Every structure is written in C-alpha cells, then in structure tokens.
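Notes for the one structure printed next.
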Amino acid sequence: MEGQIKAVNDDYLGFGLGLRTDHFEEVLQTNPKVDWFEVISENFMVAGGKPRYYLQQVRERYPIVMHGVSMSLGSTDPLDMDYLKRLKSLVDEVQPAWISDHLCWSQLGGVNSHDLLPMPYTEEALKHIVGNIKQAQDFLGRQMLIENVSSYISYRESAMTEWEFYSAVVEEADCLMLLDINNIYVSARNHHFDAEQYLAAINPQRVRQMHLAGHSDYGDYIIDTHDHPVVDSVWQLYAKAIERFGPVSTMIERDDDIPALSELIEELNQARQISAETLAGLAIGSLADG
C-alpha cells in the first residue's frame, strides 16, 4: 500500500449525508441535492434484503463511501478475518469512493463493548494499531481512512498528545484521515486542550473527509451523541479546518432523533456556505498579499 497518498482535491466529492433508514424512500423518490452518501458498513453486510436493495438503488445515483464501526483496529485481539471477508465482499460489490473506520478499540477477549474506546498514546500502542491497519489495508486491497474518536478518559501511560499519535499512525500505516470536527471539539472540551492546536498539527495531505455532528453538553463534560444539530462552536472550528485544509469532502452525521431529510439538507447547505465563504476569504487575502 506504499505510495498511495494523493492530494486532497483529487478525490473531492463535495457535501454528503449519512444514508439512514428513515430516508431511504425519500432519497429514491426525490433525488435530493446531496453530492454523496455515507453508509455504515455493518448495516449492509448481509446477503440480500431491503437494506442491500436500497443501497444498490442509491449507488446508481450517488457516490457512496463506506464507514465501519466494528473493526476494532486497536484491540489486542486479532483482527476478525470473517468480518474482513464480509466487508471485502461488500466493498467489491459497492465500489465505494473510499472506506473508513476508527482510531480505537472496541473488543477484548472476543467481547464487543459496542463503544469506540480511545487508545493509550504510547509507542507500543502506535506500533500495534499501525500493524493492524496495514493488515486490513492489504487484505482489502485499499487505502483506508481512519477517524479520530471523541474521548472521555485519558491514560496515565500516554506519552504523546492525541494529535501526535493520530498523525504518527497515518504516516506509518500510509492511510488517510477522516477528521471528525465535532469529536475534536468534544475531546478538547473534555480534556482542556486547544482544538485549533490539534488542527495545526495535522498534515493537510492526509485529510480526505470530514464529519460534522451534534453533541450533548452537560456543562462539565460533553458527549458525542449525534442527536442534535451542529452547534456554533463546531461550525467555527469547521471554518478553521477549511482554512487549514482547503476543500475537503464533508458530511453531516445524525444517528438519533433523526429529523426530516429537508432539515438535514438545510444543515448541509450551511456547511457548503461556510466552506465557500472561507475559501473565498482566503482567495481574496491571497490576492491582496500578491
């Protein structure tokens, strides 16, 4: 998989949404103004049935990317080869623009916690997850995107920051980044670090996609719940990310209290506007400097 990295704009898709069951029929009937859809891989890793039918129909009309939540790349358990075989079968059928999973572990001793648990930021953990990502990429025959997760605990053993660990992982595994802007904001609030410092440390050439989502704010801590609209502070951080990385394929995640498709499209249009205004401002500034 060496030498796979390409400039971000080479694979720019525009602005997308997560494809959710609530909206299957409406998407097919109305062909909404959405540039692409992201699907949760595990929801479609079954033979036949309605989910696969709808995925096939949407795939004929829109680019699709596949996002996994169960690979558990950071676990000390071996990678689940049955899972990878089923994933590869779906990838071969759908031919997504790209596939992604998380910088986390979720399984131990064969028991799945169904949570995306953060890694300890150590050299040992770094080598371990890099090896697993390389194994998964080699098996799938594709470069993967790896997403940063929100976190609510930290490890005493950690010897580097999250952004240092994340950056080292993608460089050593030669994978790409799915940069979740809401997760950065959530973790920054919970762990009291500077979210903009996080962005400043990321290699723009590794960022292929961004996630935007809402969270639940409990004052002393916040939780990434994907059941609210994107808040102003996350929109502001998104503008900073566009300043740093340029145009990057961006999508809105909503997994609970799912509103009407029209509401999500309005929110997606807000992302379009922020991106366009930020890039226009950069272009004007560049002309003025020239």
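Please note that chains go A, B, ... in the order of the structure tokens, that every chain numbers its residues from 1, and that ligands are numbered from 1 in the order shown.
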Tell me, as a PyMOL selection string, which residues lie within 9 Å of A:Ser158, counting only C-alpha atoms; anything in the same chain fewer than 5 positions away does not count.
-> chain A and resi 119-123
Hey, what's within 9 Å of stretch 56-66 of chain A if we count only C-alpha atoms and toss same-chain stuff fewer than 2 positions away? As a VMD selection string, please?
-> chain A and resid 13 24 27 to 28 31 34 to 41 51 to 54 68 91 94 to 101
Check which residues of stretch 202-282 of chain A sit at most 12 Å from stretch 134-146 of chain A using only C-alpha atoms, and return one row each with the closest pair of atoms and their distance in Å to one decimal, ordered by chain and rising number, as a Markdown table.
```
| residue | atom | partner | partner_atom | distance |
| --- | --- | --- | --- | --- |
| A:Arg206 | CA | A:Leu145 | CA | 9.0 |
| A:Val207 | CA | A:Leu145 | CA | 8.5 |
| A:Arg208 | CA | A:Leu145 | CA | 7.4 |
| A:Gln209 | CA | A:Leu145 | CA | 8.1 |
| A:Met210 | CA | A:Leu145 | CA | 10.5 |
| A:His211 | CA | A:Ile146 | CA | 11.8 |
```
Quick one, how far is atom CA of A:Leu126 from atom CA of A:Glu147?
-> 14.9 Å
Taking the chain letters and numbering used in this document, name the residues of stretch 51-223 of chain A that DSSP puts in alpha helix (DSSP H), as a VMD selection string.
-> chain A and resid 51 to 59 81 to 94 123 to 140 162 to 173 181 to 191 195 to 200
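From atom CA of A:Val69 back to atom CA of A:Ser106, the distance works out to 8.9 Å.
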